[in-house]
Amino acid sequence: MVKELLENFIPQDHIGWLFLLAIFISFFVSSTSYPAIINVAKSKNLMAFSGGRSSHSGSVPNLGGIGIFLSIAVTITTIGAVLDTKILLLILGGLTLLFFLGLKDDILILSPRKKFTGQLLAALLLILFTDTRIVSLSGIFDVNIMPYWVSVVFTLFVYILIINAFNLIDGIDGLAGTLALMAIVSFSYVFYNYKDISMVVLAASVIGALIPFLYLNFSKRNKMFLGDTGSMILGFIIAVFAVRFINRSELSPDAIYHNSSPILVLSFLFFPLLDTLRIFFIRLVIHKKSPFAADRNHLHHRFLILGFSHRQTTAIIVITNSILIVITFLIRNWEINWQLATLLMSGTILYSLYFIFNWIRGEKENKSMGVSN
């Protein structure tokens with residue numbers, strides 16, 4: 001009877017129910033595993049300690065990535081039997097590789113070279129065995145179909161950039177997790193429109209894992225961090241979504257987002273990419289040091305210096321990025337270079353607005369003090 005049901009089951013006809021089921025399974029696994037992970041981390045002293053560039057005080061368990069990985073793995077293996085098993089198993093293989101690399105880095109220390117090598121292998125696993133890669137840029141700067149090797153190298157660059165972007169912005173409460181949640185909800189929406197059920201279910205599994213994590217991440221009593229394990233897992237899944245979405249849009253001229261997919265992806269990930277490229281420029285060009293060296297030059301650190309709390313900073317950044325996503329959806333039928341220019345201009349203005357206002361206010365205060373003296 002079960003065999004007959006599976007043979008006659010059409011996932012696309014039940015996409016909404018599968019989405020909800022995946023969220024429920026992932027939420028249940030994560031919410032029951034996080035307390036146990038926190039207890040083990042505390043008993044074994046597997047904690048992140050304050051000091052250096054840290055914006056936290058005290059010691060906090062940093063193994064949240066374990067719960068996220070478990071939730072995604074259980075959900076995929078539970079529901080994956082009726083979906084695209086090949087792509088999901090390859091994604092799970094890449095996640096497993098990054099999980100063990102991140103776990104070693106969270107518990108001991110792993111060199112940037114080894115992490116970088118692991119990220120390359122995880123990305124290559126998907127690119128080579130599924131041939132899912134960015135084949136063109138939809139006409140941005142007149143770049144259309146790229147040669148195979150250029151396409152592979154560029155797709156690898158996108159994977160590495162996104163994975164490390166989420167690793168680098170994981171510096172204050174809720175920021176990496178909330179931005180990841182926002183991006184994944186956005187990807188689930190476009191994949192739903194494409195009836196890409198496997199990606200919708202994968203997105204749902206991440207959403208179900210992130211909701212209870214964020215509750216703990218913002219908590220004062222039972223706080224938990226993502227750690228390198230969590231940030232790399234989230235970055236990898238979001239990179240998979242970005243590449244698959246652009247690939248599907250480019251290969252089908254009739255696709256809803258055929259002329260806007262790269263710009264939509266850029267809007268989903270605007271802050272992580274903006275902050276990462278900004279940090280790399282500051283470290284390489286201005287300070288002449290390794291781009292992976294720790295410092296306090298991130299945009300979220302600038303907000304903290306201005307007096308905002310962790311929650312306020314996260315809220316400002318997430319709301320701003322949400323506005324950019326809405327703008328990009330509204331202009332997605334424009335010529336693609338105009339879309340890009342509008343997004344870059346809007347993002348630069350919105351993220352610079354408060355800093356400009358604060359600078360003007362400081363200049364006025366200095367002048368008024370000078371007059372009064």
# chains A, B, ... in the order shown; residues from 1 in each chain; ligands from 1

call {"tool": "residues_around", "arguments": {"residues": "Phe245 (chain A)", "least_positions_apart": "2", "cutoff": "9 Å", "atoms": "only C-alpha atoms", "output": "PyMOL selection string"}}
result
chain A and resi 187+190-191+240-243+247-250+257+261-262+265

call {"tool": "residues_around", "arguments": {"residues": "region 111-115 of chain A", "least_positions_apart": "2", "cutoff": "8 Å", "atoms": "only C-alpha atoms", "output": "list in words"}}
result
Leu101, Gly102, Ile109, Thr117, Gly118, Gln119 and Phe292 of chain A

call {"tool": "write_last_selection", "arguments": {"atoms": "N, CA, C and O atoms", "output": "PDB file, in the first residue's frame"}}
result
ATOM      1  N   LEU A 101      34.491  20.130   9.239  1.00  0.00           N
ATOM      2  CA  LEU A 101      35.521  21.174   9.231  1.00  0.00           C
ATOM      3  C   LEU A 101      35.173  22.279  10.217  1.00  0.00           C
ATOM      4  O   LEU A 101      36.023  22.737  10.993  1.00  0.00           O
ATOM      5  N   GLY A 102      33.909  22.719  10.189  1.00  0.00           N
ATOM      6  CA  GLY A 102      33.478  23.771  11.101  1.00  0.00           C
ATOM      7  C   GLY A 102      33.522  23.329  12.547  1.00  0.00           C
ATOM      8  O   GLY A 102      33.904  24.100  13.438  1.00  0.00           O
ATOM      9  N   ILE A 109      41.203  24.462  16.519  1.00  0.00           N
ATOM     10  CA  ILE A 109      41.484  25.559  15.583  1.00  0.00           C
ATOM     11  C   ILE A 109      41.814  24.938  14.228  1.00  0.00           C
ATOM     12  O   ILE A 109      42.570  23.972  14.149  1.00  0.00           O
ATOM     13  N   THR A 117      40.011  24.967   1.412  1.00  0.00           N
ATOM     14  CA  THR A 117      40.069  23.746   0.607  1.00  0.00           C
ATOM     15  C   THR A 117      38.776  22.944   0.742  1.00  0.00           C
ATOM     16  O   THR A 117      38.238  22.432  -0.246  1.00  0.00           O
ATOM     17  N   GLY A 118      38.262  22.832   1.954  1.00  0.00           N
ATOM     18  CA  GLY A 118      37.010  22.121   2.181  1.00  0.00           C
ATOM     19  C   GLY A 118      35.840  22.779   1.472  1.00  0.00           C
ATOM     20  O   GLY A 118      34.968  22.090   0.906  1.00  0.00           O
ATOM     21  N   GLN A 119      35.811  24.102   1.488  1.00  0.00           N
ATOM     22  CA  GLN A 119      34.748  24.840   0.801  1.00  0.00           C
ATOM     23  C   GLN A 119      34.810  24.597  -0.707  1.00  0.00           C
ATOM     24  O   GLN A 119      33.773  24.414  -1.360  1.00  0.00           O
ATOM     25  N   PHE A 292      41.522  37.659   6.061  1.00  0.00           N
ATOM     26  CA  PHE A 292      40.862  36.845   7.083  1.00  0.00           C
ATOM     27  C   PHE A 292      41.288  37.229   8.497  1.00  0.00           C
ATOM     28  O   PHE A 292      40.856  36.603   9.462  1.00  0.00           O
TER      29      PHE A 292
END

call {"tool": "closest_residue", "arguments": {"among": "A:Asn144, A:Thr75, A:Ser198, A:Asn62", "to": "Asp228 (chain A)", "atoms": "only C-alpha atoms"}}
result
A:Asn62

call {"tool": "atom_distance", "arguments": {"atom1": "CA of Tyr215 (chain A)", "atom2": "CA of Ile66 (chain A)"}}
result
16.0 Å

call {"tool": "closest_residue", "arguments": {"among": "A:Asn167, A:Val206, A:Gly64, A:Thr229", "to": "Thr96 (chain A)", "atoms": "only C-alpha atoms"}}
result
A:Thr229

call {"tool": "closest_residue", "arguments": {"among": "A:Ile87, A:Met182, A:Met146, A:Leu161", "to": "Phe116 (chain A)", "atoms": "only C-alpha atoms"}}
result
A:Leu161

call {"tool": "closest_residue", "arguments": {"among": "A:Val152, A:Leu234, A:Leu350, A:Leu128", "to": "Leu98 (chain A)", "atoms": "only C-alpha atoms"}}
result
A:Leu234

call {"tool": "residues_around", "arguments": {"residues": "region 331-343 of chain A", "least_positions_apart": "3", "cutoff": "8 Å", "atoms": "only C-alpha atoms", "output": "MDAnalysis selection string"}}
result
chainID A and resid 138:141 257 259:260 263:264 267 324 327:328 346:347

call {"tool": "closest_residue", "arguments": {"among": "A:Leu125, A:Leu70, A:Ala203, A:Leu168", "to": "Leu299 (chain A)", "atoms": "only C-alpha atoms"}}
result
A:Leu168

call {"tool": "select_by_dssp", "arguments": {"residues": "region 106-279 of chain A", "states": "alpha helix (DSSP H)", "output": "ChimeraX atom specification"}}
result
/A:106-107,112-130,148-168,175-193,197-218,227-251,261-268,270-279

call {"tool": "select_by_dssp", "arguments": {"residues": "region 2-249 of chain A", "states": "strand (DSSP E or B)", "output": "list in words"}}
result
Met47, Ala48, Phe49, Ser59, Val60 and Pro61 of chain A

call {"tool": "residues_around", "arguments": {"residues": "Ile15 (chain A)", "least_positions_apart": "6", "cutoff": "8 Å", "atoms": "only C-alpha atoms", "output": "list in words"}}
result
Tyr192, Lys195, Ile197 and Val200 of chain A

call {"tool": "residues_around", "arguments": {"residues": "Ala204 (chain A)", "least_positions_apart": "3", "cutoff": "10 Å", "atoms": "only C-alpha atoms", "output": "ChimeraX atom specification"}}
result
/A:18-27,72,75,184-185,188,198-201,207-210

call {"tool": "residues_around", "arguments": {"residues": "Thr178 (chain A)", "least_positions_apart": "5", "cutoff": "10 Å", "atoms": "only C-alpha atoms", "output": "PyMOL selection string"}}
result
chain A and resi 173+183-184+210-211+214+314-315+317-318

call {"tool": "write_last_selection", "arguments": {"atoms": "C-alpha atoms", "output": "PDB file, in the first residue's frame"}}
result
ATOM      1  CA  ASP A 173      23.368  38.565  18.189  1.00  0.00           C
ATOM      2  CA  ALA A 183      17.464  35.185   2.253  1.00  0.00           C
ATOM      3  CA  ILE A 184      16.132  31.637   2.551  1.00  0.00           C
ATOM      4  CA  LEU A 210      16.720  28.740  12.420  1.00  0.00           C
ATOM      5  CA  ILE A 211      13.574  29.815  14.285  1.00  0.00           C
ATOM      6  CA  LEU A 214      17.358  32.668  16.838  1.00  0.00           C
ATOM      7  CA  THR A 314      20.324  43.629  13.594  1.00  0.00           C
ATOM      8  CA  ALA A 315      16.859  45.168  13.149  1.00  0.00           C
ATOM      9  CA  ILE A 317      20.289  45.993   8.864  1.00  0.00           C
ATOM     10  CA  VAL A 318      17.549  43.418   8.248  1.00  0.00           C
TER      11      VAL A 318
END

call {"tool": "residues_around", "arguments": {"residues": "His300 (chain A)", "least_positions_apart": "6", "cutoff": "8 Å", "atoms": "only C-alpha atoms", "output": "list in words"}}
result
Gly171, Ile172, Thr313 and Thr314 of chain A

call {"tool": "write_last_selection", "arguments": {"atoms": "all heavy atoms", "output": "PDB file, in the first residue's frame"}}
result
ATOM      1  N   GLY A 171      28.893  38.289  13.881  1.00  0.00           N
ATOM      2  CA  GLY A 171      29.620  38.980  14.946  1.00  0.00           C
ATOM      3  C   GLY A 171      28.756  39.534  16.054  1.00  0.00           C
ATOM      4  O   GLY A 171      29.266  39.872  17.121  1.00  0.00           O
ATOM      5  N   ILE A 172      27.439  39.649  15.827  1.00  0.00           N
ATOM      6  CA  ILE A 172      26.552  40.142  16.865  1.00  0.00           C
ATOM      7  C   ILE A 172      25.295  39.280  16.907  1.00  0.00           C
ATOM      8  O   ILE A 172      25.006  38.545  15.963  1.00  0.00           O
ATOM      9  CB  ILE A 172      26.167  41.629  16.651  1.00  0.00           C
ATOM     10  CG1 ILE A 172      25.388  41.797  15.338  1.00  0.00           C
ATOM     11  CG2 ILE A 172      27.395  42.524  16.673  1.00  0.00           C
ATOM     12  CD1 ILE A 172      24.838  43.199  15.148  1.00  0.00           C
ATOM     13  N   THR A 313      20.862  46.992  16.066  1.00  0.00           N
ATOM     14  CA  THR A 313      21.712  46.912  14.877  1.00  0.00           C
ATOM     15  C   THR A 313      21.189  45.862  13.905  1.00  0.00           C
ATOM     16  O   THR A 313      21.079  46.112  12.699  1.00  0.00           O
ATOM     17  CB  THR A 313      23.167  46.575  15.282  1.00  0.00           C
ATOM     18  OG1 THR A 313      23.663  47.595  16.138  1.00  0.00           O
ATOM     19  CG2 THR A 313      24.054  46.462  14.059  1.00  0.00           C
ATOM     20  N   THR A 314      20.863  44.695  14.437  1.00  0.00           N
ATOM     21  CA  THR A 314      20.324  43.629  13.594  1.00  0.00           C
ATOM     22  C   THR A 314      19.023  44.067  12.931  1.00  0.00           C
ATOM     23  O   THR A 314      18.812  43.838  11.732  1.00  0.00           O
ATOM     24  CB  THR A 314      20.089  42.351  14.422  1.00  0.00           C
ATOM     25  OG1 THR A 314      21.346  41.856  14.896  1.00  0.00           O
ATOM     26  CG2 THR A 314      19.412  41.262  13.591  1.00  0.00           C
TER      27      THR A 314
END

call {"tool": "decode", "arguments": {"residues": "region 278-363 of chain A", "atoms": "C-alpha atoms", "output": "compact mmCIF listing (two decimals), in the first residue's frame"}}
result
# COMPACT_ATOMS: atom_id res chain seq x y z
CA ARG A 278 34.23 46.32 2.11
CA ILE A 279 36.20 44.41 4.77
CA PHE A 280 38.43 42.74 2.18
CA PHE A 281 39.20 46.14 0.63
CA ILE A 282 40.05 47.68 4.01
CA ARG A 283 42.28 44.77 5.07
CA LEU A 284 44.06 44.21 1.75
CA VAL A 285 44.37 47.73 0.34
CA ILE A 286 44.39 50.02 3.37
CA HIS A 287 45.90 47.90 6.16
CA LYS A 288 47.97 45.61 3.91
CA LYS A 289 47.12 42.46 5.88
CA SER A 290 45.34 39.14 5.43
CA PRO A 291 41.67 39.48 4.43
CA PHE A 292 40.86 36.85 7.08
CA ALA A 293 42.56 38.72 9.95
CA ALA A 294 40.08 39.67 12.68
CA ASP A 295 39.24 43.33 13.33
CA ARG A 296 36.34 45.61 14.24
CA ASN A 297 35.83 47.32 10.89
CA HIS A 298 32.55 45.57 10.02
CA LEU A 299 29.49 47.73 9.45
CA HIS A 300 27.73 46.15 12.42
CA HIS A 301 30.66 47.23 14.62
CA ARG A 302 30.17 50.79 13.33
CA PHE A 303 26.55 50.69 14.51
CA LEU A 304 27.62 49.41 17.93
CA ILE A 305 30.15 52.24 18.24
CA LEU A 306 27.35 54.72 17.54
CA GLY A 307 25.50 53.35 20.56
CA PHE A 308 23.05 50.87 19.08
CA SER A 309 22.45 47.56 20.84
CA HIS A 310 22.85 44.17 19.15
CA ARG A 311 19.10 43.85 18.59
CA GLN A 312 18.78 47.40 17.26
CA THR A 313 21.71 46.91 14.88
CA THR A 314 20.32 43.63 13.59
CA ALA A 315 16.86 45.17 13.15
CA ILE A 316 18.23 48.16 11.20
CA ILE A 317 20.29 45.99 8.86
CA VAL A 318 17.55 43.42 8.25
CA ILE A 319 14.84 46.05 7.65
CA THR A 320 17.14 47.90 5.24
CA ASN A 321 17.92 44.71 3.33
CA SER A 322 14.19 43.86 3.21
CA ILE A 323 13.48 47.26 1.63
CA LEU A 324 16.11 46.53 -1.03
CA ILE A 325 14.50 43.17 -1.81
CA VAL A 326 11.09 44.82 -2.26
CA ILE A 327 12.61 47.49 -4.53
CA THR A 328 14.30 44.83 -6.66
CA PHE A 329 11.09 42.84 -7.10
CA LEU A 330 9.30 46.03 -8.16
CA ILE A 331 11.89 46.89 -10.84
CA ARG A 332 12.61 43.34 -12.07
CA ASN A 333 11.14 44.06 -15.52
CA TRP A 334 13.55 46.94 -16.18
CA GLU A 335 16.65 46.54 -18.35
CA ILE A 336 19.07 44.53 -16.21
CA ASN A 337 21.87 47.13 -16.06
CA TRP A 338 19.34 49.70 -14.82
CA GLN A 339 18.22 47.18 -12.20
CA LEU A 340 21.82 46.78 -11.05
CA ALA A 341 22.48 50.53 -10.94
CA THR A 342 19.26 51.17 -9.01
CA LEU A 343 20.01 48.42 -6.47
CA LEU A 344 23.60 49.57 -5.90
CA MET A 345 22.56 53.21 -5.56
CA SER A 346 19.64 52.39 -3.24
CA GLY A 347 21.73 50.07 -1.09
CA THR A 348 24.60 52.54 -0.77
CA ILE A 349 22.25 55.37 0.20
CA LEU A 350 20.18 53.34 2.68
CA TYR A 351 23.15 51.81 4.49
CA SER A 352 25.05 55.13 4.56
CA LEU A 353 22.09 57.31 5.58
CA TYR A 354 22.47 57.13 9.35
CA PHE A 355 26.26 57.50 9.24
CA ILE A 356 25.88 60.63 7.06
CA PHE A 357 23.21 62.00 9.39
CA ASN A 358 25.38 61.31 12.45
CA TRP A 359 28.37 63.03 10.79
CA ILE A 360 26.30 66.13 9.91
CA ARG A 361 24.90 66.25 13.45
CA GLY A 362 28.43 65.99 14.87
CA GLU A 363 29.64 68.83 12.62
